[in-house]
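Printed here is protein09.cif (mmCIF, C-alpha atoms):
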```cif
data_upload
loop_
_atom_site.label_atom_id
_atom_site.label_comp_id
_atom_site.auth_asym_id
_atom_site.auth_seq_id
_atom_site.Cartn_x
_atom_site.Cartn_y
_atom_site.Cartn_z
CA MET L 1 -17.69 13.74 3.54
CA ARG L 2 -13.94 13.35 4.06
CA LYS L 3 -14.38 12.71 7.78
CA ALA L 4 -17.07 10.09 7.13
CA ARG L 5 -14.79 8.33 4.63
CA GLY L 6 -11.97 8.33 7.20
CA ILE L 7 -14.25 6.80 9.83
CA ARG L 8 -15.39 4.15 7.33
CA ASP L 9 -11.75 3.32 6.50
CA ASP L 10 -10.89 3.08 10.20
CA ARG L 11 -13.81 0.68 10.73
CA ARG L 12 -12.71 -1.45 7.78
CA LEU L 13 -9.19 -1.57 9.16
CA SER L 14 -10.48 -2.51 12.60
CA ALA L 15 -12.60 -5.31 11.10
CA LEU L 16 -9.66 -6.44 9.01
CA MET L 17 -7.30 -6.63 11.98
CA GLY L 18 -9.95 -8.53 13.91
CA GLY L 19 -10.22 -11.03 11.07
CA SER L 20 -13.85 -10.28 10.19
CA LEU L 21 -13.36 -8.36 6.94
CA ARG L 22 -13.82 -10.46 3.82
CA LYS L 23 -12.39 -9.98 0.33
CA ARG L 24 -15.78 -8.93 -1.04
CA ASP L 25 -15.84 -6.08 1.52
CA ALA L 26 -12.63 -4.62 0.12
CA PRO L 27 -12.89 -1.07 -1.17
CA ARG L 28 -12.71 -0.74 -4.95
CA GLY L 29 -10.68 1.81 -6.88
CA THR L 30 -7.53 3.70 -6.12
CA ARG L 31 -9.25 6.47 -4.16
CA ALA L 32 -11.01 4.03 -1.84
CA LEU L 33 -7.85 1.95 -1.42
CA THR L 34 -5.73 4.96 -0.51
CA GLY L 35 -8.09 5.75 2.37
CA LEU L 36 -7.78 2.26 3.81
CA LEU L 37 -4.02 2.26 3.24
CA ASP L 38 -3.67 5.69 4.85
CA SER L 39 -5.44 4.31 7.94
CA TRP L 40 -3.12 1.28 7.94
CA ILE L 41 0.00 3.45 7.50
CA GLY L 42 -1.10 5.77 10.30
CA LEU L 43 -1.70 2.84 12.60
CA SER L 44 1.59 1.19 11.64
CA GLN L 45 3.51 4.36 12.36
CA SER L 46 1.87 5.09 15.71
CA LEU L 47 1.71 1.52 17.06
CA ILE L 48 3.67 -1.59 16.32
CA PRO L 49 1.20 -4.14 14.97
CA SER L 50 1.98 -7.77 15.71
CA LYS L 51 3.37 -9.96 12.94
CA GLU L 52 0.01 -11.74 12.79
CA GLU L 53 -1.82 -8.43 12.27
CA ARG L 54 0.65 -7.28 9.61
CA ASP L 55 0.37 -10.62 7.82
CA ARG L 56 -3.44 -10.54 7.97
CA VAL L 57 -3.61 -7.01 6.54
CA SER L 58 -1.02 -7.72 3.83
CA SER L 59 -2.67 -10.97 2.85
CA PHE L 60 -6.08 -9.32 2.62
CA LEU L 61 -4.81 -6.36 0.59
CA SER L 62 -2.87 -8.60 -1.76
CA SER L 63 -5.72 -11.09 -2.28
CA ALA L 64 -8.12 -8.21 -2.91
CA GLY L 65 -5.78 -6.89 -5.61
CA ALA L 66 -5.14 -3.66 -3.72
CA ASP L 67 -1.58 -3.59 -5.01
CA MET L 68 -2.47 -3.75 -8.71
CA PRO L 69 -3.42 -0.07 -9.26
CA PHE L 70 -0.21 1.01 -7.56
CA ILE L 71 1.91 -1.48 -9.49
CA ARG L 72 0.48 0.04 -12.68
CA ASP L 73 1.25 3.53 -11.38
CA LEU L 74 4.93 2.63 -11.00
CA SER L 75 5.21 2.92 -14.78
CA SER L 76 3.32 6.22 -15.00
CA LYS L 77 4.93 9.19 -16.74
CA ASP L 78 4.01 11.32 -13.73
CA PRO L 79 6.75 11.13 -11.05
CA PHE L 80 4.23 12.06 -8.32
CA ARG L 81 2.14 8.99 -9.18
CA ARG L 82 5.25 6.80 -9.13
CA ARG L 83 6.26 8.15 -5.69
CA ARG L 84 2.73 7.65 -4.34
CA ALA L 85 2.63 4.11 -5.73
CA ALA L 86 5.96 3.24 -4.11
CA ARG L 87 4.80 4.62 -0.77
CA TYR L 88 1.65 2.51 -0.72
CA LEU L 89 3.32 -0.62 -2.04
CA GLY L 90 5.75 -0.37 0.85
CA TYR L 91 2.86 -1.27 3.14
CA ILE L 92 1.41 -4.11 1.05
CA ASP L 93 3.81 -6.90 1.86
CA SER L 94 3.32 -9.26 -1.06
CA GLU L 95 5.64 -11.00 -3.48
CA ARG L 96 3.98 -9.10 -6.33
CA SER L 97 4.63 -5.71 -4.67
CA SER L 98 8.24 -6.56 -3.91
CA ARG L 99 8.99 -7.73 -7.45
CA ALA L 100 7.34 -4.63 -8.94
CA LEU L 101 9.34 -2.32 -6.69
CA VAL L 102 12.65 -4.04 -7.46
CA LEU L 103 11.93 -3.79 -11.20
CA ALA L 104 10.87 -0.15 -10.87
CA LEU L 105 14.07 0.66 -9.00
CA ARG L 106 16.15 -0.78 -11.84
CA GLN L 107 14.26 1.29 -14.42
CA GLU L 108 13.76 4.55 -12.52
CA THR L 109 15.78 7.57 -13.65
CA GLU L 110 14.57 10.26 -11.23
CA GLU L 111 16.36 10.35 -7.90
CA PRO L 112 13.39 11.46 -5.70
CA VAL L 113 11.33 8.57 -7.02
CA MET L 114 14.23 6.18 -6.42
CA LEU L 115 14.33 7.28 -2.79
CA PHE L 116 10.63 6.47 -2.35
CA ILE L 117 11.14 3.06 -3.94
CA VAL L 118 14.15 2.29 -1.75
CA GLY L 119 12.15 3.41 1.30
CA ALA L 120 9.27 1.12 0.32
CA LEU L 121 11.62 -1.83 -0.16
CA ALA L 122 13.26 -1.12 3.19
CA ASN L 123 9.84 -0.99 4.82
CA LEU L 124 9.11 -4.42 3.36
CA GLY L 125 12.46 -5.69 4.61
CA GLU L 126 13.78 -6.40 1.13
CA ALA L 127 17.54 -6.85 0.79
CA ALA L 128 17.32 -5.23 -2.67
CA ALA L 129 16.84 -1.87 -0.92
CA LEU L 130 20.34 -2.09 0.49
#
```

Since I need it in another form, could you write the structure as structure tokens?
Amino acid sequence: MRKARGIRDDRRLSALMGGSLRKRDAPRGTRALTGLLDSWIGLSQSLIPSKEERDRVSSFLSSAGADMPFIRDLSSKDPFRRRRAARYLGYIDSERSSRALVLALRQETEEPVMLFIVGALANLGEAAAL
């Protein structure tokens, strides 16, 4: 089952980068989104996608509301959920994600979580991370 889900996420990502994936085809729910984001993160770390590809993926994820569950998780009581949220938001380059991460950094009290947030902001190229 896990392998099939990974293949499905890879196909979605491939369609997205090719410009043929539509908003209505976006996966729903945090679990489904993490699979697609994991595929995107893996690709981003092994290859250097063009600016056009990065913009297309970020625009799609943002317009599909993929960042909203993770923005909510930034205020979770569970530090693991906050770290996970910061990691994923660091790959959804949207104004909403950036603002949420900057706000979370100002409010965060746990150092490991702060490091994840700073890393996410740096990944997005935000000056607030410096």

Original post:
So which one's closest to Arg54 of chain L, L:Arg72, L:Leu124, L:Ala66, L:Arg83? Using only C-alpha atoms, please.
Top reply: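 Counting only C-alpha atoms, the residue closest to Arg54 of chain L is L:Leu124.
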
**OP:** Report as an NGL selection string the full result of the PyMOL selection byres ((chain L and resi 95-99) around 12) when it is applied to this structure.
**Re:** :L and (58-59 or 61-63 or 65-74 or 85-94 or 100-106 or 117-129)

Original post:
What is the atom CA of Leu43 of chain L-atom CA of Glu111 of chain L distance in Å, reported with one decimal?
Top reply: 28.3 Å

Original post:
By how many Å are atom CA of Ala64 of chain L and atom CA of Asp78 of chain L apart?
Top reply: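 Here the two named atoms are 25.4 Å from each other.
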
May I have the centre and edge lengths, in Å to one decimal, of an axis-aligned box around the listed atoms of segment 94-109 of chain L with 8 Å added to every side, as AutoDock Vina command-line options?
```
--center_x 9.7 --center_y -1.7 --center_z -7.7 --size_x 28.8 --size_y 34.6 --size_z 29.4
```

Missing atoms in segment 47-77 of chain L: fill them in up to N, CA and C atoms and send the result as an mmCIF file, in the frame of the given file.
```cif
data_model
loop_
_atom_site.group_PDB
_atom_site.id
_atom_site.type_symbol
_atom_site.label_atom_id
_atom_site.label_comp_id
_atom_site.auth_asym_id
_atom_site.auth_seq_id
_atom_site.Cartn_x
_atom_site.Cartn_y
_atom_site.Cartn_z
ATOM 1 N N LEU L 47 1.637 2.737 16.242
ATOM 2 C CA LEU L 47 1.710 1.520 17.060
ATOM 3 C C LEU L 47 2.561 0.506 16.317
ATOM 4 N N ILE L 48 2.952 -0.516 16.999
ATOM 5 C CA ILE L 48 3.670 -1.590 16.320
ATOM 6 C C ILE L 48 2.737 -2.788 16.255
ATOM 7 N N PRO L 49 2.104 -2.991 15.083
ATOM 8 C CA PRO L 49 1.200 -4.140 14.970
ATOM 9 C C PRO L 49 1.983 -5.444 15.085
ATOM 10 N N SER L 50 1.321 -6.465 15.592
ATOM 11 C CA SER L 50 1.980 -7.770 15.710
ATOM 12 C C SER L 50 2.221 -8.334 14.314
ATOM 13 N N LYS L 51 3.097 -9.316 14.224
ATOM 14 C CA LYS L 51 3.370 -9.960 12.940
ATOM 15 C C LYS L 51 2.091 -10.564 12.378
ATOM 16 N N GLU L 52 1.279 -11.144 13.239
ATOM 17 C CA GLU L 52 0.010 -11.740 12.790
ATOM 18 C C GLU L 52 -0.905 -10.679 12.182
ATOM 19 N N GLU L 53 -0.990 -9.510 12.805
ATOM 20 C CA GLU L 53 -1.820 -8.430 12.270
ATOM 21 C C GLU L 53 -1.278 -7.920 10.947
ATOM 22 N N ARG L 54 0.044 -7.739 10.871
ATOM 23 C CA ARG L 54 0.650 -7.280 9.610
ATOM 24 C C ARG L 54 0.405 -8.296 8.500
ATOM 25 N N ASP L 55 0.588 -9.577 8.822
ATOM 26 C CA ASP L 55 0.370 -10.620 7.820
ATOM 27 C C ASP L 55 -1.084 -10.666 7.369
ATOM 28 N N ARG L 56 -2.015 -10.512 8.306
ATOM 29 C CA ARG L 56 -3.440 -10.540 7.970
ATOM 30 C C ARG L 56 -3.806 -9.387 7.037
ATOM 31 N N VAL L 57 -3.318 -8.183 7.366
ATOM 32 C CA VAL L 57 -3.610 -7.010 6.540
ATOM 33 C C VAL L 57 -2.979 -7.160 5.155
ATOM 34 N N SER L 58 -1.718 -7.556 5.112
ATOM 35 C CA SER L 58 -1.020 -7.720 3.830
ATOM 36 C C SER L 58 -1.670 -8.788 2.971
ATOM 37 N N SER L 59 -2.026 -9.886 3.589
ATOM 38 C CA SER L 59 -2.670 -10.970 2.850
ATOM 39 C C SER L 59 -4.007 -10.524 2.271
ATOM 40 N N PHE L 60 -4.781 -9.821 3.077
ATOM 41 C CA PHE L 60 -6.080 -9.320 2.620
ATOM 42 C C PHE L 60 -5.900 -8.342 1.459
ATOM 43 N N LEU L 61 -5.009 -7.376 1.628
ATOM 44 C CA LEU L 61 -4.810 -6.360 0.590
ATOM 45 C C LEU L 61 -4.302 -6.986 -0.701
ATOM 46 N N SER L 62 -3.402 -7.932 -0.583
ATOM 47 C CA SER L 62 -2.870 -8.600 -1.760
ATOM 48 C C SER L 62 -3.934 -9.448 -2.456
ATOM 49 N N SER L 63 -4.687 -10.239 -1.678
ATOM 50 C CA SER L 63 -5.720 -11.090 -2.280
ATOM 51 C C SER L 63 -6.849 -10.279 -2.888
ATOM 52 N N ALA L 64 -7.083 -9.083 -2.359
ATOM 53 C CA ALA L 64 -8.120 -8.210 -2.910
ATOM 54 C C ALA L 64 -7.624 -7.421 -4.115
ATOM 55 N N GLY L 65 -6.344 -7.594 -4.461
ATOM 56 C CA GLY L 65 -5.780 -6.890 -5.610
ATOM 57 C C GLY L 65 -5.502 -5.427 -5.350
ATOM 58 N N ALA L 66 -5.364 -5.066 -4.073
ATOM 59 C CA ALA L 66 -5.140 -3.660 -3.720
ATOM 60 C C ALA L 66 -3.826 -3.130 -4.251
ATOM 61 N N ASP L 67 -2.884 -4.035 -4.523
ATOM 62 C CA ASP L 67 -1.580 -3.590 -5.010
ATOM 63 C C ASP L 67 -1.566 -3.313 -6.510
ATOM 64 N N MET L 68 -2.496 -3.860 -7.252
ATOM 65 C CA MET L 68 -2.470 -3.750 -8.710
ATOM 66 C C MET L 68 -2.536 -2.311 -9.246
ATOM 67 N N PRO L 69 -3.427 -1.452 -8.734
ATOM 68 C CA PRO L 69 -3.420 -0.070 -9.260
ATOM 69 C C PRO L 69 -2.099 0.649 -9.012
ATOM 70 N N PHE L 70 -1.472 0.346 -7.894
ATOM 71 C CA PHE L 70 -0.210 1.010 -7.560
ATOM 72 C C PHE L 70 0.953 0.420 -8.358
ATOM 73 N N ILE L 71 0.895 -0.872 -8.636
ATOM 74 C CA ILE L 71 1.910 -1.480 -9.490
ATOM 75 C C ILE L 71 1.838 -0.847 -10.884
ATOM 76 N N ARG L 72 0.638 -0.639 -11.382
ATOM 77 C CA ARG L 72 0.480 0.040 -12.680
ATOM 78 C C ARG L 72 1.018 1.463 -12.629
ATOM 79 N N ASP L 73 0.788 2.146 -11.511
ATOM 80 C CA ASP L 73 1.250 3.530 -11.380
ATOM 81 C C ASP L 73 2.770 3.654 -11.322
ATOM 82 N N LEU L 74 3.461 2.574 -11.004
ATOM 83 C CA LEU L 74 4.930 2.630 -11.000
ATOM 84 C C LEU L 74 5.495 2.923 -12.379
ATOM 85 N N SER L 75 4.728 2.643 -13.422
ATOM 86 C CA SER L 75 5.210 2.920 -14.780
ATOM 87 C C SER L 75 4.578 4.179 -15.379
ATOM 88 N N SER L 76 3.925 4.975 -14.547
ATOM 89 C CA SER L 76 3.320 6.220 -15.000
ATOM 90 C C SER L 76 4.389 7.217 -15.449
ATOM 91 N N LYS L 77 4.013 8.116 -16.334
ATOM 92 C CA LYS L 77 4.930 9.190 -16.740
ATOM 93 C C LYS L 77 5.056 10.252 -15.651
#
```
